$ cat target.txt   # compact mmCIF, N, CA and C atoms
# COMPACT_ATOMS: atom_id res chain seq x y z
N MET Q 45 1.27 -19.42 22.08
CA MET Q 45 1.82 -18.10 21.81
C MET Q 45 2.84 -18.16 20.67
N LEU Q 46 3.61 -19.22 20.61
CA LEU Q 46 4.61 -19.35 19.54
C LEU Q 46 3.94 -19.41 18.18
N ASN Q 47 2.76 -20.06 18.10
CA ASN Q 47 2.02 -20.09 16.84
C ASN Q 47 1.66 -18.69 16.36
N ASN Q 48 1.25 -17.83 17.29
CA ASN Q 48 0.92 -16.44 16.95
C ASN Q 48 2.12 -15.75 16.32
N TRP Q 49 3.26 -15.87 16.93
CA TRP Q 49 4.46 -15.21 16.43
C TRP Q 49 4.91 -15.81 15.11
N THR Q 50 4.86 -17.12 15.01
CA THR Q 50 5.28 -17.78 13.76
C THR Q 50 4.39 -17.34 12.60
N TRP Q 51 3.08 -17.43 12.80
CA TRP Q 51 2.14 -17.02 11.75
C TRP Q 51 2.22 -15.52 11.50
N GLY Q 52 2.25 -14.74 12.56
CA GLY Q 52 2.27 -13.29 12.42
C GLY Q 52 3.51 -12.80 11.69
N LEU Q 53 4.69 -13.27 12.09
CA LEU Q 53 5.92 -12.82 11.44
C LEU Q 53 6.01 -13.33 10.00
N SER Q 54 5.48 -14.52 9.76
CA SER Q 54 5.45 -15.04 8.38
C SER Q 54 4.55 -14.17 7.50
N LEU Q 55 3.40 -13.79 8.01
CA LEU Q 55 2.49 -12.93 7.25
C LEU Q 55 3.06 -11.53 7.06
N ILE Q 56 3.76 -11.01 8.07
CA ILE Q 56 4.41 -9.71 7.92
C ILE Q 56 5.44 -9.78 6.80
N THR Q 57 6.25 -10.83 6.80
CA THR Q 57 7.26 -11.01 5.76
C THR Q 57 6.61 -11.10 4.38
N LEU Q 58 5.57 -11.90 4.28
CA LEU Q 58 4.86 -12.07 3.00
C LEU Q 58 4.27 -10.75 2.52
N THR Q 59 3.57 -10.04 3.39
CA THR Q 59 2.90 -8.82 2.95
C THR Q 59 3.89 -7.71 2.63
N ILE Q 60 4.99 -7.64 3.34
CA ILE Q 60 5.99 -6.62 3.00
C ILE Q 60 6.64 -6.95 1.66
N ALA Q 61 6.87 -8.24 1.40
CA ALA Q 61 7.41 -8.63 0.09
C ALA Q 61 6.43 -8.29 -1.02
N ILE Q 62 5.15 -8.56 -0.80
CA ILE Q 62 4.12 -8.21 -1.79
C ILE Q 62 4.09 -6.70 -2.00
N HIS Q 63 4.14 -5.96 -0.90
CA HIS Q 63 4.08 -4.50 -0.99
C HIS Q 63 5.30 -3.94 -1.72
N ALA Q 64 6.47 -4.47 -1.38
CA ALA Q 64 7.69 -4.00 -2.05
C ALA Q 64 7.63 -4.29 -3.54
N THR Q 65 7.09 -5.44 -3.91
CA THR Q 65 6.93 -5.79 -5.32
C THR Q 65 5.97 -4.83 -6.01
N GLY Q 66 4.83 -4.58 -5.38
CA GLY Q 66 3.84 -3.67 -5.95
C GLY Q 66 4.36 -2.25 -6.09
N VAL Q 67 5.05 -1.76 -5.07
CA VAL Q 67 5.59 -0.40 -5.12
C VAL Q 67 6.70 -0.31 -6.17
N THR Q 68 7.52 -1.35 -6.27
CA THR Q 68 8.58 -1.37 -7.29
C THR Q 68 7.97 -1.33 -8.69
N PHE Q 69 6.89 -2.08 -8.89
CA PHE Q 69 6.18 -2.04 -10.17
C PHE Q 69 5.65 -0.63 -10.45
N LEU Q 70 5.06 -0.01 -9.43
CA LEU Q 70 4.54 1.35 -9.60
C LEU Q 70 5.67 2.34 -9.90
N VAL Q 71 6.83 2.16 -9.26
CA VAL Q 71 7.98 3.03 -9.54
C VAL Q 71 8.35 2.92 -11.01
N PHE Q 72 8.41 1.70 -11.52
CA PHE Q 72 8.76 1.47 -12.92
C PHE Q 72 7.74 2.15 -13.85
N VAL Q 73 6.46 1.93 -13.59
CA VAL Q 73 5.41 2.50 -14.43
C VAL Q 73 5.43 4.02 -14.36
N LEU Q 74 5.54 4.56 -13.16
CA LEU Q 74 5.54 6.02 -13.02
C LEU Q 74 6.80 6.65 -13.61
N HIS Q 75 7.92 5.94 -13.54
CA HIS Q 75 9.14 6.46 -14.17
C HIS Q 75 8.96 6.54 -15.69
N CYS Q 76 8.44 5.47 -16.27
CA CYS Q 76 8.18 5.48 -17.72
C CYS Q 76 7.20 6.58 -18.09
N PHE Q 77 6.18 6.75 -17.28
CA PHE Q 77 5.18 7.79 -17.49
C PHE Q 77 5.82 9.17 -17.43
N ARG Q 78 6.68 9.37 -16.43
CA ARG Q 78 7.34 10.67 -16.27
C ARG Q 78 8.27 10.97 -17.45
N VAL Q 79 9.01 9.96 -17.90
CA VAL Q 79 9.90 10.16 -19.05
C VAL Q 79 9.10 10.57 -20.28
N ARG Q 80 7.96 9.94 -20.49
CA ARG Q 80 7.11 10.29 -21.63
C ARG Q 80 6.56 11.71 -21.49
N LEU Q 81 6.20 12.10 -20.28
CA LEU Q 81 5.70 13.47 -20.06
C LEU Q 81 6.78 14.50 -20.33
N GLU Q 82 8.01 14.20 -19.94
CA GLU Q 82 9.10 15.15 -20.13
C GLU Q 82 9.43 15.36 -21.60
N ARG Q 83 9.16 14.37 -22.43
CA ARG Q 83 9.43 14.48 -23.87
C ARG Q 83 8.40 15.35 -24.57
N GLN Q 84 7.23 15.46 -24.00
CA GLN Q 84 6.16 16.23 -24.63
C GLN Q 84 6.12 17.63 -24.04
N ARG Q 85 5.71 18.54 -24.84
CA ARG Q 85 5.54 19.92 -24.40
C ARG Q 85 4.06 20.19 -24.21
N LEU Q 86 3.55 19.84 -23.05
CA LEU Q 86 2.13 20.04 -22.77
C LEU Q 86 1.94 21.36 -22.03
N SER Q 87 0.77 21.92 -22.20
CA SER Q 87 0.46 23.13 -21.44
C SER Q 87 0.31 22.75 -19.97
N LEU Q 88 0.50 23.72 -19.11
CA LEU Q 88 0.44 23.47 -17.67
C LEU Q 88 -0.91 22.88 -17.23
N PRO Q 89 -2.06 23.39 -17.71
CA PRO Q 89 -3.34 22.77 -17.31
C PRO Q 89 -3.45 21.29 -17.72
N HIS Q 90 -2.99 20.96 -18.92
CA HIS Q 90 -3.01 19.56 -19.35
C HIS Q 90 -2.09 18.72 -18.49
N LEU Q 91 -0.93 19.22 -18.19
CA LEU Q 91 0.03 18.50 -17.37
C LEU Q 91 -0.52 18.26 -15.97
N ILE Q 92 -1.15 19.26 -15.40
CA ILE Q 92 -1.74 19.12 -14.07
C ILE Q 92 -2.84 18.06 -14.09
N ALA Q 93 -3.68 18.06 -15.11
CA ALA Q 93 -4.74 17.06 -15.21
C ALA Q 93 -4.17 15.65 -15.31
N ILE Q 94 -3.10 15.50 -16.07
CA ILE Q 94 -2.47 14.19 -16.22
C ILE Q 94 -1.85 13.73 -14.91
N VAL Q 95 -1.20 14.64 -14.21
CA VAL Q 95 -0.59 14.29 -12.92
C VAL Q 95 -1.67 13.90 -11.91
N ILE Q 96 -2.78 14.63 -11.88
CA ILE Q 96 -3.88 14.28 -10.97
C ILE Q 96 -4.41 12.89 -11.30
N ALA Q 97 -4.57 12.58 -12.58
CA ALA Q 97 -5.04 11.24 -12.98
C ALA Q 97 -4.04 10.16 -12.56
N ALA Q 98 -2.75 10.46 -12.72
CA ALA Q 98 -1.71 9.50 -12.33
C ALA Q 98 -1.74 9.24 -10.82
N PHE Q 99 -1.92 10.29 -10.03
CA PHE Q 99 -2.00 10.13 -8.58
C PHE Q 99 -3.25 9.37 -8.17
N THR Q 100 -4.35 9.62 -8.84
CA THR Q 100 -5.58 8.90 -8.55
C THR Q 100 -5.40 7.41 -8.82
N ALA Q 101 -4.81 7.09 -9.97
CA ALA Q 101 -4.55 5.68 -10.30
C ALA Q 101 -3.59 5.05 -9.30
N MET Q 102 -2.55 5.78 -8.93
CA MET Q 102 -1.58 5.28 -7.97
C MET Q 102 -2.26 5.00 -6.62
N GLY Q 103 -3.09 5.93 -6.18
CA GLY Q 103 -3.81 5.73 -4.91
C GLY Q 103 -4.72 4.53 -4.96
N LEU Q 104 -5.42 4.35 -6.07
CA LEU Q 104 -6.30 3.19 -6.23
C LEU Q 104 -5.51 1.89 -6.20
N LEU Q 105 -4.39 1.87 -6.92
CA LEU Q 105 -3.56 0.66 -6.94
C LEU Q 105 -2.99 0.35 -5.56
N LEU Q 106 -2.59 1.36 -4.82
CA LEU Q 106 -2.10 1.13 -3.46
C LEU Q 106 -3.21 0.60 -2.55
N ALA Q 107 -4.43 1.13 -2.72
CA ALA Q 107 -5.56 0.63 -1.93
C ALA Q 107 -5.84 -0.84 -2.24
N VAL Q 108 -5.78 -1.20 -3.51
CA VAL Q 108 -5.97 -2.60 -3.90
C VAL Q 108 -4.87 -3.46 -3.30
N LEU Q 109 -3.66 -2.97 -3.32
CA LEU Q 109 -2.53 -3.71 -2.75
C LEU Q 109 -2.74 -3.94 -1.25
N HIS Q 110 -3.17 -2.91 -0.53
CA HIS Q 110 -3.46 -3.07 0.90
C HIS Q 110 -4.60 -4.05 1.13
N GLY Q 111 -5.61 -4.00 0.28
CA GLY Q 111 -6.72 -4.95 0.38
C GLY Q 111 -6.28 -6.38 0.16
N LEU Q 112 -5.41 -6.59 -0.83
CA LEU Q 112 -4.88 -7.93 -1.10
C LEU Q 112 -4.10 -8.44 0.11
N GLU Q 113 -3.30 -7.57 0.70
CA GLU Q 113 -2.51 -7.97 1.86
C GLU Q 113 -3.41 -8.30 3.05
N ALA Q 114 -4.46 -7.51 3.25
CA ALA Q 114 -5.43 -7.81 4.31
C ALA Q 114 -6.11 -9.15 4.03
N GLY Q 115 -6.32 -9.45 2.75
CA GLY Q 115 -6.91 -10.73 2.38
C GLY Q 115 -6.08 -11.93 2.80
N PHE Q 116 -4.77 -11.80 2.73
CA PHE Q 116 -3.89 -12.88 3.20
C PHE Q 116 -4.05 -13.11 4.70
N TRP Q 117 -4.11 -12.01 5.45
CA TRP Q 117 -4.33 -12.15 6.90
C TRP Q 117 -5.70 -12.78 7.16
N ALA Q 118 -6.72 -12.33 6.45
CA ALA Q 118 -8.07 -12.87 6.65
C ALA Q 118 -8.11 -14.36 6.34
N ALA Q 119 -7.45 -14.77 5.26
CA ALA Q 119 -7.41 -16.19 4.92
C ALA Q 119 -6.72 -17.00 6.02
N ALA Q 120 -5.67 -16.44 6.58
CA ALA Q 120 -4.97 -17.13 7.67
C ALA Q 120 -5.88 -17.26 8.89
N TYR Q 121 -6.61 -16.20 9.22
CA TYR Q 121 -7.54 -16.27 10.36
C TYR Q 121 -8.59 -17.35 10.16
N LEU Q 122 -9.10 -17.46 8.94
CA LEU Q 122 -10.10 -18.50 8.66
C LEU Q 122 -9.49 -19.88 8.74
N TRP Q 123 -8.33 -20.04 8.12
CA TRP Q 123 -7.67 -21.35 8.07
C TRP Q 123 -7.29 -21.83 9.47
N LEU Q 124 -6.87 -20.89 10.32
CA LEU Q 124 -6.47 -21.25 11.68
C LEU Q 124 -7.65 -21.40 12.64
N GLY Q 125 -8.83 -20.99 12.20
CA GLY Q 125 -10.00 -21.05 13.07
C GLY Q 125 -10.07 -19.89 14.05
N ALA Q 126 -9.33 -18.82 13.78
CA ALA Q 126 -9.34 -17.65 14.66
C ALA Q 126 -10.63 -16.85 14.50
N LEU Q 127 -11.25 -16.93 13.32
CA LEU Q 127 -12.55 -16.31 13.04
C LEU Q 127 -13.39 -17.31 12.26
N ASP Q 128 -14.70 -17.13 12.34
CA ASP Q 128 -15.61 -18.14 11.79
C ASP Q 128 -16.14 -17.88 10.39
N SER Q 129 -16.16 -16.63 9.94
CA SER Q 129 -16.75 -16.36 8.63
C SER Q 129 -15.82 -15.49 7.78
N PRO Q 130 -15.89 -15.67 6.45
CA PRO Q 130 -15.05 -14.84 5.58
C PRO Q 130 -15.33 -13.34 5.72
N GLY Q 131 -16.59 -12.97 5.89
CA GLY Q 131 -16.94 -11.56 6.05
C GLY Q 131 -16.33 -10.96 7.31
N ALA Q 132 -16.43 -11.69 8.40
CA ALA Q 132 -15.83 -11.21 9.66
C ALA Q 132 -14.32 -11.15 9.54
N ALA Q 133 -13.73 -12.13 8.86
CA ALA Q 133 -12.27 -12.18 8.75
C ALA Q 133 -11.74 -11.00 7.94
N ILE Q 134 -12.38 -10.67 6.81
CA ILE Q 134 -11.86 -9.56 6.01
C ILE Q 134 -12.15 -8.23 6.70
N LEU Q 135 -13.30 -8.07 7.33
CA LEU Q 135 -13.58 -6.84 8.06
C LEU Q 135 -12.59 -6.66 9.21
N TYR Q 136 -12.37 -7.72 9.98
CA TYR Q 136 -11.40 -7.64 11.08
C TYR Q 136 -10.02 -7.30 10.56
N SER Q 137 -9.62 -7.93 9.47
CA SER Q 137 -8.29 -7.73 8.93
C SER Q 137 -8.08 -6.31 8.43
N ILE Q 138 -9.01 -5.79 7.65
CA ILE Q 138 -8.88 -4.42 7.15
C ILE Q 138 -8.92 -3.42 8.30
N ASP Q 139 -9.81 -3.66 9.24
CA ASP Q 139 -9.94 -2.78 10.39
C ASP Q 139 -8.65 -2.78 11.24
N THR Q 140 -8.08 -3.94 11.42
CA THR Q 140 -6.85 -4.05 12.21
C THR Q 140 -5.66 -3.50 11.46
N MET Q 141 -5.55 -3.82 10.16
CA MET Q 141 -4.41 -3.34 9.38
C MET Q 141 -4.41 -1.81 9.32
N ALA Q 142 -5.58 -1.21 9.29
CA ALA Q 142 -5.67 0.24 9.28
C ALA Q 142 -5.52 0.82 10.68
N THR Q 143 -5.31 -0.04 11.65
CA THR Q 143 -5.16 0.29 13.08
C THR Q 143 -6.34 1.07 13.63
N ARG Q 144 -7.50 0.85 13.05
CA ARG Q 144 -8.72 1.50 13.53
C ARG Q 144 -9.28 0.74 14.72
N GLY Q 145 -9.42 -0.57 14.56
CA GLY Q 145 -9.82 -1.44 15.66
C GLY Q 145 -11.20 -1.20 16.23
N ALA Q 146 -12.13 -0.72 15.45
CA ALA Q 146 -13.45 -0.38 15.97
C ALA Q 146 -14.56 -1.31 15.48
N ALA Q 147 -14.22 -2.36 14.75
CA ALA Q 147 -15.25 -3.23 14.18
C ALA Q 147 -15.97 -4.05 15.24
N GLY Q 148 -15.38 -4.21 16.41
CA GLY Q 148 -16.01 -4.98 17.47
C GLY Q 148 -15.86 -6.48 17.31
N ILE Q 149 -15.09 -6.92 16.35
CA ILE Q 149 -14.87 -8.34 16.13
C ILE Q 149 -13.61 -8.73 16.89
N MET Q 150 -13.68 -9.85 17.57
CA MET Q 150 -12.53 -10.33 18.35
C MET Q 150 -12.07 -11.68 17.80
N LEU Q 151 -10.75 -11.85 17.75
CA LEU Q 151 -10.19 -13.15 17.40
C LEU Q 151 -10.42 -14.11 18.56
N ASN Q 152 -10.44 -15.41 18.25
CA ASN Q 152 -10.48 -16.39 19.33
C ASN Q 152 -9.28 -16.12 20.24
N PRO Q 153 -9.45 -16.27 21.55
CA PRO Q 153 -8.41 -15.86 22.50
C PRO Q 153 -7.00 -16.37 22.19
N HIS Q 154 -6.89 -17.59 21.69
CA HIS Q 154 -5.56 -18.15 21.41
C HIS Q 154 -4.81 -17.36 20.34
N TRP Q 155 -5.53 -16.68 19.45
CA TRP Q 155 -4.92 -16.02 18.30
C TRP Q 155 -4.87 -14.49 18.41
N GLN Q 156 -5.17 -13.93 19.56
CA GLN Q 156 -5.25 -12.48 19.68
C GLN Q 156 -3.93 -11.76 19.46
N MET Q 157 -2.81 -12.39 19.75
CA MET Q 157 -1.51 -11.75 19.50
C MET Q 157 -1.33 -11.49 18.00
N MET Q 158 -1.90 -12.35 17.16
CA MET Q 158 -1.81 -12.13 15.71
C MET Q 158 -2.45 -10.81 15.31
N GLY Q 159 -3.53 -10.44 15.97
CA GLY Q 159 -4.18 -9.17 15.67
C GLY Q 159 -3.25 -7.99 15.93
N ALA Q 160 -2.51 -8.05 17.03
CA ALA Q 160 -1.55 -6.99 17.34
C ALA Q 160 -0.42 -6.98 16.30
N LEU Q 161 0.01 -8.15 15.87
CA LEU Q 161 1.06 -8.22 14.85
C LEU Q 161 0.55 -7.68 13.52
N GLU Q 162 -0.71 -7.94 13.21
CA GLU Q 162 -1.26 -7.38 11.96
C GLU Q 162 -1.33 -5.85 12.03
N ALA Q 163 -1.66 -5.31 13.18
CA ALA Q 163 -1.68 -3.84 13.32
C ALA Q 163 -0.28 -3.27 13.11
N ALA Q 164 0.73 -3.93 13.65
CA ALA Q 164 2.11 -3.48 13.44
C ALA Q 164 2.47 -3.57 11.96
N ASP Q 165 2.04 -4.65 11.31
CA ASP Q 165 2.27 -4.81 9.87
C ASP Q 165 1.58 -3.69 9.09
N GLY Q 166 0.36 -3.37 9.47
CA GLY Q 166 -0.37 -2.30 8.80
C GLY Q 166 0.36 -0.96 8.91
N MET Q 167 0.91 -0.69 10.09
CA MET Q 167 1.66 0.57 10.24
C MET Q 167 2.86 0.59 9.32
N LEU Q 168 3.56 -0.54 9.21
CA LEU Q 168 4.71 -0.61 8.31
C LEU Q 168 4.28 -0.43 6.85
N LEU Q 169 3.24 -1.14 6.44
CA LEU Q 169 2.78 -1.07 5.06
C LEU Q 169 2.26 0.32 4.69
N PHE Q 170 1.47 0.92 5.57
CA PHE Q 170 0.98 2.27 5.29
C PHE Q 170 2.11 3.28 5.34
N GLY Q 171 3.12 3.03 6.17
CA GLY Q 171 4.30 3.90 6.18
C GLY Q 171 5.05 3.84 4.87
N ILE Q 172 5.19 2.63 4.32
CA ILE Q 172 5.85 2.48 3.02
C ILE Q 172 5.05 3.22 1.95
N SER Q 173 3.74 3.05 1.96
CA SER Q 173 2.88 3.73 0.97
C SER Q 173 2.96 5.24 1.12
N THR Q 174 2.95 5.73 2.34
CA THR Q 174 3.02 7.17 2.57
C THR Q 174 4.34 7.74 2.06
N ALA Q 175 5.45 7.06 2.38
CA ALA Q 175 6.76 7.52 1.91
C ALA Q 175 6.81 7.50 0.38
N PHE Q 176 6.23 6.48 -0.21
CA PHE Q 176 6.22 6.37 -1.67
C PHE Q 176 5.41 7.52 -2.29
N ILE Q 177 4.22 7.75 -1.76
CA ILE Q 177 3.37 8.83 -2.29
C ILE Q 177 4.09 10.17 -2.16
N PHE Q 178 4.71 10.42 -1.02
CA PHE Q 178 5.43 11.68 -0.82
C PHE Q 178 6.56 11.82 -1.83
N THR Q 179 7.31 10.75 -2.05
CA THR Q 179 8.42 10.80 -3.00
C THR Q 179 7.92 11.08 -4.41
N VAL Q 180 6.87 10.41 -4.81
CA VAL Q 180 6.31 10.62 -6.15
C VAL Q 180 5.79 12.06 -6.28
N MET Q 181 5.12 12.54 -5.24
CA MET Q 181 4.63 13.92 -5.28
C MET Q 181 5.78 14.91 -5.43
N LEU Q 182 6.87 14.66 -4.74
CA LEU Q 182 8.03 15.53 -4.83
C LEU Q 182 8.59 15.55 -6.25
N PHE Q 183 8.72 14.37 -6.86
CA PHE Q 183 9.23 14.30 -8.24
C PHE Q 183 8.31 15.05 -9.21
N TYR Q 184 7.01 14.83 -9.11
CA TYR Q 184 6.09 15.50 -10.02
C TYR Q 184 6.03 17.00 -9.74
N TYR Q 185 6.12 17.38 -8.48
CA TYR Q 185 6.15 18.80 -8.15
C TYR Q 185 7.36 19.46 -8.81
N GLN Q 186 8.51 18.83 -8.72
CA GLN Q 186 9.71 19.38 -9.35
C GLN Q 186 9.52 19.49 -10.86
N HIS Q 187 8.88 18.49 -11.45
CA HIS Q 187 8.62 18.53 -12.88
C HIS Q 187 7.70 19.69 -13.24
N LEU Q 188 6.65 19.87 -12.45
CA LEU Q 188 5.71 20.96 -12.73
C LEU Q 188 6.39 22.32 -12.58
N VAL Q 189 7.22 22.48 -11.56
CA VAL Q 189 7.93 23.75 -11.36
C VAL Q 189 8.89 23.98 -12.52
N PHE Q 190 9.60 22.93 -12.93
CA PHE Q 190 10.53 23.05 -14.06
C PHE Q 190 9.77 23.39 -15.33
N GLN Q 191 8.61 22.75 -15.53
CA GLN Q 191 7.79 22.98 -16.72
C GLN Q 191 7.31 24.44 -16.76
N GLU Q 192 6.96 24.97 -15.60
CA GLU Q 192 6.44 26.33 -15.54
C GLU Q 192 7.53 27.35 -15.89
N ARG Q 193 8.78 27.07 -15.52
CA ARG Q 193 9.88 28.01 -15.78
C ARG Q 193 10.38 27.94 -17.20
N SER Q 194 10.11 26.84 -17.88
CA SER Q 194 10.63 26.68 -19.25
C SER Q 194 9.85 27.48 -20.25
$ encode --input "target.txt" --output "structure tokens"
Amino acid sequence: MLNNWTWGLSLITLTIAIHATGVTFLVFVLHCFRVRLERQRLSLPHLIAIVIAAFTAMGLLLAVLHGLEAGFWAAAYLWLGALDSPGAAILYSIDTMATRGAAGIMLNPHWQMMGALEAADGMLLFGISTAFIFTVMLFYYQHLVFQERS
């Protein structure tokens, strides 16, 4: 049981650090993007199209980030012998991180606590992403409202 907690908490720490790094990078990029948009006088339809494209890219990058983090859990499951194949490991990991849990794949009994820890990690990571998306939406919404009044 101690192995489950040691591995699980280590992976939670690693994935949160990766996520914080990725989100910080996105904050920097989106801030630079927003500053450039504020300097230009674009029509509202053009501005809306650009914001939609920025949100689409942000969503894709967050999805890739979540996939990378699930990949670390999957690699750990394979390395520890908790699952037997790479395909099963990544499916189990993504399914568990998304807290869906419907893939029907089970970890070897000794490692099942890690699955619960990964689900907790997934809730934290998706919570960070959700808060980030909401914050970015709020900033762009304020920009669009300000743009419309000018």
$ axis_aligned_box --input "target.txt" --around "stretch 117-129 of chain Q" --padding-each-side "8 Å" --output "lines of an AutoDock Vina configuration file"
center_x = -10.4
center_y = -16.9
center_z = 9.8
size_x = 28.6
size_y = 25.8
size_z = 25.7
$ closest_residue --input "target.txt" --among "Q:Thr65, Q:Asp139, Q:Trp155, Q:Ile92" --to "Q:Leu46" --atoms "only C-alpha atoms"
Q:Trp155
$ atom_distance --input "target.txt" --atom1 "atom CA of Q:Ala163" --atom2 "atom C of Q:Ala142"
6.6 Å
$ select_by_dssp --input "target.txt" --residues "chain Q" --states "alpha helix (DSSP H)" --output "PyMOL selection string"
chain Q and resi 46-83+88-124+130-141+156-193
$ closest_residue --input "target.txt" --among "Q:Ala101, Q:Ile172, Q:Ile134, Q:Ala119" --to "Q:Ala147" --atoms "only C-alpha atoms"
Q:Ile134
$ atom_distance --input "target.txt" --atom1 "atom C of Q:Thr100" --atom2 "atom N of Q:Phe183"
15.9 Å
$ atom_distance --input "target.txt" --atom1 "atom CA of Q:Ala61" --atom2 "atom C of Q:Val95"
27.1 Å
$ closest_residue --input "target.txt" --among "Q:Gly166, Q:Gly171, Q:Gly115, Q:Gly103" --to "Q:Thr140" --atoms "all atoms listed in the file"
Q:Gly166
$ closest_residue --input "target.txt" --among "Q:Gly125, Q:Gly52, Q:Gly111, Q:Pro89" --to "Q:Ser137" --atoms "only C-alpha atoms"
Q:Gly111
$ residues_around --input "target.txt" --residues "Q:Ile96" --least-positions-apart "6" --cutoff "12 Å" --atoms "only C-alpha atoms" --output "number ranges by chain"
Q: 89-90, 102-103, 180-181, 184-185, 188
$ closest_residue --input "target.txt" --among "Q:Ala126, Q:Met158, Q:Val108, Q:Ala114" --to "Q:Ile138" --atoms "only N, CA and C atoms"
Q:Ala114
$ closest_residue --input "target.txt" --among "Q:Ile149, Q:Asn48, Q:His110, Q:Ala133" --to "Q:Phe170" --atoms "all atoms listed in the file"
Q:His110
